[in-house]
Amino acid sequence: MTETTTRLLIIGPPGAGKGTQAAQIAERFGVPAISTGDIFRANIKGGTELGQQVQAIIERGELVPDSLTNEIVADRLAQADAAGGFLLDGYPRNVEQVHALDGMIEGDALDAVVLLEVDTDAVVARLLKRAELEGRADDTEEVIRHRQDVYAEQTAPLVELFSERGILVSVDGLGSVEEVAERIASGLDAQLAAKAGR
Ligand code: AMP
């Protein structure tokens with residue numbers, strides 16, 4: 001039988017446009033896009049126990065504790081629609097979470113990690129604009145800058161790790177949604193073809 005499972009991640013600084021691109025990639029590969037940020041926001045909106053636990057943390061731009069985040073992802077990946085693959089957006093965000101994910105998908109390595117590369121100043125400008133439009137509680141200028149720092153300190157080091165694993169696809173995130181989507185598509189095709197040939 002042919003292997004059709006595709007396990008992907010998209011990584012990049014907050015505001016790089018990951019969510020928009022994630023939706024397109026997921027559709028193209030016929031896998032669910034799983035965003036930990038979306039899961040948390042939905043729980044906050046719904047007033048669930050989880051939502052109450054994470055609301056203040058998210059509003060400060062801090063990371064939700066690993067134990068909680070890992071458990072949520074493990075539950076989500078165990079659902080039927082993720083059996084044929086998935087695209088993770090916003091997880092893993094630190095080395096501890098990478099190890100947790102490795103444990104969850106043991107023996108079924110990730111196929112590719114898309115890195116959306118953008119200039120931090122451009123990103124902050126974009127987030128300030130989004131704050132105006134959507135009014136997210138974690139979109140004040142101070143929190144926006146803090147989230148960039150958290151990314152630089154905790155998440156950016158993962159890029160090296162995925163590069164060493166030979167699964168990193170770096171894409172220039174500057175341009176229209178369509179242009180960036182096109183770059184991601186060709187980068188992923190090359191990576192997946194190379195992997196299939198190994
Ligand atoms: P995002 O939409 O991915 O930018 O996530 C919004 C917020 O949710 C982040 O600033 C964190 O507070 C929290 N969050 C999302 N994903 C994670 C994660 N993998 N680990 C810890 N906190 C997370």
# chains A, B, ... in the order shown; residues from 1 in each chain; ligands from 1
>>> residues_around(residues="Asp89 in chain A", least_positions_apart="5", cutoff="12 Å", atoms="only C-alpha atoms", output="PyMOL selection string")
chain A and resi 7-14+16-23+25-26+32-39+73+113-116
>>> write_last_selection(atoms="N, CA and C atoms", output="mmCIF file, in the first residue's frame")
data_model
loop_
_atom_site.group_PDB
_atom_site.id
_atom_site.type_symbol
_atom_site.label_atom_id
_atom_site.label_comp_id
_atom_site.auth_asym_id
_atom_site.auth_seq_id
_atom_site.Cartn_x
_atom_site.Cartn_y
_atom_site.Cartn_z
ATOM 1 N N ARG A 7 2.806 14.397 7.718
ATOM 2 C CA ARG A 7 2.860 15.072 9.033
ATOM 3 C C ARG A 7 3.743 16.303 8.903
ATOM 4 N N LEU A 8 3.098 17.452 9.088
ATOM 5 C CA LEU A 8 3.790 18.716 8.838
ATOM 6 C C LEU A 8 3.686 19.662 10.020
ATOM 7 N N LEU A 9 4.633 20.582 10.082
ATOM 8 C CA LEU A 9 4.562 21.700 11.030
ATOM 9 C C LEU A 9 4.785 22.978 10.261
ATOM 10 N N ILE A 10 4.212 24.061 10.783
ATOM 11 C CA ILE A 10 4.579 25.383 10.295
ATOM 12 C C ILE A 10 5.045 26.189 11.497
ATOM 13 N N ILE A 11 6.176 26.863 11.331
ATOM 14 C CA ILE A 11 6.807 27.586 12.429
ATOM 15 C C ILE A 11 7.249 28.964 11.922
ATOM 16 N N GLY A 12 7.279 29.926 12.830
ATOM 17 C CA GLY A 12 7.670 31.279 12.455
ATOM 18 C C GLY A 12 7.198 32.226 13.538
ATOM 19 N N PRO A 13 7.710 33.451 13.562
ATOM 20 C CA PRO A 13 7.343 34.370 14.632
ATOM 21 C C PRO A 13 5.857 34.705 14.635
ATOM 22 N N PRO A 14 5.317 35.073 15.814
ATOM 23 C CA PRO A 14 3.918 35.480 15.882
ATOM 24 C C PRO A 14 3.651 36.590 14.870
ATOM 25 N N ALA A 16 3.589 36.128 11.527
ATOM 26 C CA ALA A 16 4.222 35.879 10.227
ATOM 27 C C ALA A 16 3.199 35.459 9.172
ATOM 28 N N GLY A 17 1.988 35.153 9.621
ATOM 29 C CA GLY A 17 0.950 34.719 8.685
ATOM 30 C C GLY A 17 0.796 33.203 8.654
ATOM 31 N N LYS A 18 1.214 32.540 9.737
ATOM 32 C CA LYS A 18 1.162 31.077 9.800
ATOM 33 C C LYS A 18 -0.249 30.529 9.637
ATOM 34 N N GLY A 19 -1.207 31.162 10.335
ATOM 35 C CA GLY A 19 -2.574 30.636 10.312
ATOM 36 C C GLY A 19 -3.165 30.605 8.913
ATOM 37 N N THR A 20 -2.962 31.687 8.180
ATOM 38 C CA THR A 20 -3.473 31.788 6.814
ATOM 39 C C THR A 20 -2.845 30.727 5.927
ATOM 40 N N GLN A 21 -1.535 30.604 6.023
ATOM 41 C CA GLN A 21 -0.835 29.629 5.185
ATOM 42 C C GLN A 21 -1.163 28.203 5.625
ATOM 43 N N ALA A 22 -1.330 28.010 6.939
ATOM 44 C CA ALA A 22 -1.633 26.670 7.462
ATOM 45 C C ALA A 22 -2.920 26.140 6.830
ATOM 46 N N ALA A 23 -3.926 27.015 6.734
ATOM 47 C CA ALA A 23 -5.209 26.588 6.170
ATOM 48 C C ALA A 23 -5.028 26.108 4.723
ATOM 49 N N ILE A 25 -2.176 25.020 3.240
ATOM 50 C CA ILE A 25 -1.363 23.794 3.167
ATOM 51 C C ILE A 25 -2.219 22.586 3.548
ATOM 52 N N ALA A 26 -2.993 22.768 4.630
ATOM 53 C CA ALA A 26 -3.819 21.659 5.125
ATOM 54 C C ALA A 26 -4.804 21.206 4.056
ATOM 55 N N PRO A 32 -5.947 17.806 8.659
ATOM 56 C CA PRO A 32 -6.433 18.896 9.512
ATOM 57 C C PRO A 32 -5.303 19.837 9.931
ATOM 58 N N ALA A 33 -5.604 21.131 9.971
ATOM 59 C CA ALA A 33 -4.670 22.105 10.536
ATOM 60 C C ALA A 33 -4.987 22.201 12.022
ATOM 61 N N ILE A 34 -3.983 21.957 12.843
ATOM 62 C CA ILE A 34 -4.187 21.945 14.293
ATOM 63 C C ILE A 34 -3.390 23.088 14.905
ATOM 64 N N SER A 35 -4.107 24.103 15.389
ATOM 65 C CA SER A 35 -3.468 25.277 15.977
ATOM 66 C C SER A 35 -3.747 25.301 17.477
ATOM 67 N N THR A 36 -2.687 25.207 18.273
ATOM 68 C CA THR A 36 -2.874 25.250 19.728
ATOM 69 C C THR A 36 -3.451 26.610 20.130
ATOM 70 N N GLY A 37 -3.006 27.678 19.471
ATOM 71 C CA GLY A 37 -3.542 29.007 19.776
ATOM 72 C C GLY A 37 -5.050 29.049 19.550
ATOM 73 N N ASP A 38 -5.520 28.467 18.425
ATOM 74 C CA ASP A 38 -6.958 28.434 18.137
ATOM 75 C C ASP A 38 -7.705 27.614 19.188
ATOM 76 N N ILE A 39 -7.130 26.497 19.592
ATOM 77 C CA ILE A 39 -7.777 25.643 20.609
ATOM 78 C C ILE A 39 -7.921 26.427 21.917
ATOM 79 N N VAL A 73 -2.482 18.555 22.837
ATOM 80 C CA VAL A 73 -2.051 18.115 21.504
ATOM 81 C C VAL A 73 -2.158 16.594 21.388
ATOM 82 N N VAL A 113 9.032 20.567 8.004
ATOM 83 C CA VAL A 113 8.741 21.720 8.860
ATOM 84 C C VAL A 113 8.914 22.974 8.006
ATOM 85 N N VAL A 114 7.828 23.704 7.815
ATOM 86 C CA VAL A 114 7.895 24.950 7.039
ATOM 87 C C VAL A 114 8.241 26.100 7.986
ATOM 88 N N LEU A 115 9.336 26.792 7.688
ATOM 89 C CA LEU A 115 9.711 27.989 8.446
ATOM 90 C C LEU A 115 9.332 29.213 7.630
ATOM 91 N N LEU A 116 8.435 30.033 8.180
ATOM 92 C CA LEU A 116 8.069 31.289 7.514
ATOM 93 C C LEU A 116 9.005 32.375 8.018
#
>>> residues_around(residues="Gly187 in chain A", least_positions_apart="6", cutoff="9 Å", atoms="only C-alpha atoms", output="number ranges by chain")
A: 114, 169-171
>>> residues_near_ligand(ligand="ligand 1", cutoff="8 Å", atoms="only C-alpha atoms and all ligand atoms", output="short mmCIF file (atom, residue, chain, number, x, y, z; two decimals) with C-alpha atoms, in the first residue's frame")
data_model
loop_
_atom_site.label_atom_id
_atom_site.label_comp_id
_atom_site.auth_asym_id
_atom_site.auth_seq_id
_atom_site.Cartn_x
_atom_site.Cartn_y
_atom_site.Cartn_z
CA PRO A 14 3.92 35.48 15.88
CA GLY A 15 2.25 37.45 13.09
CA GLY A 19 -2.57 30.64 10.31
CA SER A 35 -3.47 25.28 15.98
CA THR A 36 -2.87 25.25 19.73
CA GLY A 37 -3.54 29.01 19.78
CA ASP A 38 -6.96 28.43 18.14
CA PHE A 40 -6.91 27.90 23.54
CA ARG A 41 -8.85 30.87 22.12
CA VAL A 54 -4.97 29.76 30.22
CA ILE A 57 -1.21 33.52 30.59
CA ILE A 58 -2.16 34.14 26.97
CA GLU A 59 -3.12 37.75 27.64
CA ARG A 60 0.40 38.32 29.01
CA GLY A 61 1.96 36.73 25.92
CA GLU A 62 3.56 33.93 27.98
CA LEU A 63 3.60 30.27 27.03
CA VAL A 64 0.96 27.99 28.53
CA PRO A 65 2.71 25.32 30.68
CA ASP A 66 4.10 22.41 28.66
CA THR A 69 -0.23 22.06 26.13
CA ASN A 70 1.26 18.62 25.47
CA ASP A 89 0.57 25.39 13.73
CA GLY A 90 2.01 26.99 16.87
CA TYR A 91 3.20 23.71 18.40
CA PRO A 92 5.89 22.70 19.35
CA ARG A 93 7.14 26.03 20.71
CA ASN A 94 10.12 24.92 22.80
CA GLN A 97 7.44 20.25 23.43
CA ASP A 138 -2.86 39.63 23.49
CA ARG A 147 5.58 37.42 22.29
#
>>> select_by_dssp(residues="range 14-186 of chain A", states="strand (DSSP E)", output="MDAnalysis selection string")
chainID A and resid 33:35 85:89 112:117 168:172
>>> write_last_selection(atoms="C-alpha atoms", output="PDB file, in the first residue's frame")
ATOM      1  CA  ALA A  33      -4.670  22.105  10.536  1.00  0.00           C
ATOM      2  CA  ILE A  34      -4.187  21.945  14.293  1.00  0.00           C
ATOM      3  CA  SER A  35      -3.468  25.277  15.977  1.00  0.00           C
ATOM      4  CA  GLY A  85      -1.603  13.131   8.908  1.00  0.00           C
ATOM      5  CA  PHE A  86      -1.834  16.694  10.189  1.00  0.00           C
ATOM      6  CA  LEU A  87      -0.385  20.152  10.017  1.00  0.00           C
ATOM      7  CA  LEU A  88       0.618  21.609  13.381  1.00  0.00           C
ATOM      8  CA  ASP A  89       0.566  25.394  13.726  1.00  0.00           C
ATOM      9  CA  ALA A 112       8.594  18.531   6.814  1.00  0.00           C
ATOM     10  CA  VAL A 113       8.741  21.720   8.860  1.00  0.00           C
ATOM     11  CA  VAL A 114       7.895  24.950   7.039  1.00  0.00           C
ATOM     12  CA  LEU A 115       9.711  27.989   8.446  1.00  0.00           C
ATOM     13  CA  LEU A 116       8.069  31.289   7.514  1.00  0.00           C
ATOM     14  CA  GLU A 117      10.895  33.826   7.543  1.00  0.00           C
ATOM     15  CA  LEU A 168      13.386  22.110   7.291  1.00  0.00           C
ATOM     16  CA  VAL A 169      11.784  24.034   4.408  1.00  0.00           C
ATOM     17  CA  SER A 170      12.635  27.748   4.772  1.00  0.00           C
ATOM     18  CA  VAL A 171      10.324  30.107   2.935  1.00  0.00           C
ATOM     19  CA  ASP A 172      10.447  33.892   2.516  1.00  0.00           C
TER      20      ASP A 172
END
>>> closest_residue(among="A:Met104, A:Val123, A:Val31, A:Val95", to="Ala83 in chain A", atoms="only C-alpha atoms")
A:Val31
>>> atom_distance(atom1="CA of Phe29 in chain A", atom2="CA of Leu192 in chain A")
11.6 Å
>>> select_by_dssp(residues="range 60-196 of chain A", states="alpha helix (DSSP H)", output="JSON, numbers by chain")
{"A": [60, 66, 67, 68, 69, 70, 71, 72, 73, 74, 75, 76, 77, 95, 96, 97, 98, 99, 100, 101, 102, 103, 104, 120, 121, 122, 123, 124, 125, 126, 127, 128, 129, 130, 131, 132, 133, 134, 141, 142, 143, 144, 145, 146, 147, 148, 149, 150, 157, 158, 159, 160, 161, 162, 163, 164, 177, 178, 179, 180, 181, 182, 183, 184, 185, 186, 187, 188, 189, 190, 191, 192, 193, 194, 195, 196]}
>>> atom_distance(atom1="CA of Thr155 in chain A", atom2="CA of Gln55 in chain A")
20.8 Å
>>> atom_distance(atom1="CA of Gly46 in chain A", atom2="CA of Val150 in chain A")
26.5 Å
>>> closest_residue(among="A:Gly51, A:Gly197, A:Gly107, A:Gly175", to="Asp119 in chain A", atoms="only C-alpha atoms")
A:Gly175
>>> closest_residue(among="A:Glu49, A:Thr140, A:Glu164, A:Asp111", to="Ala196 in chain A", atoms="only C-alpha atoms")
A:Asp111
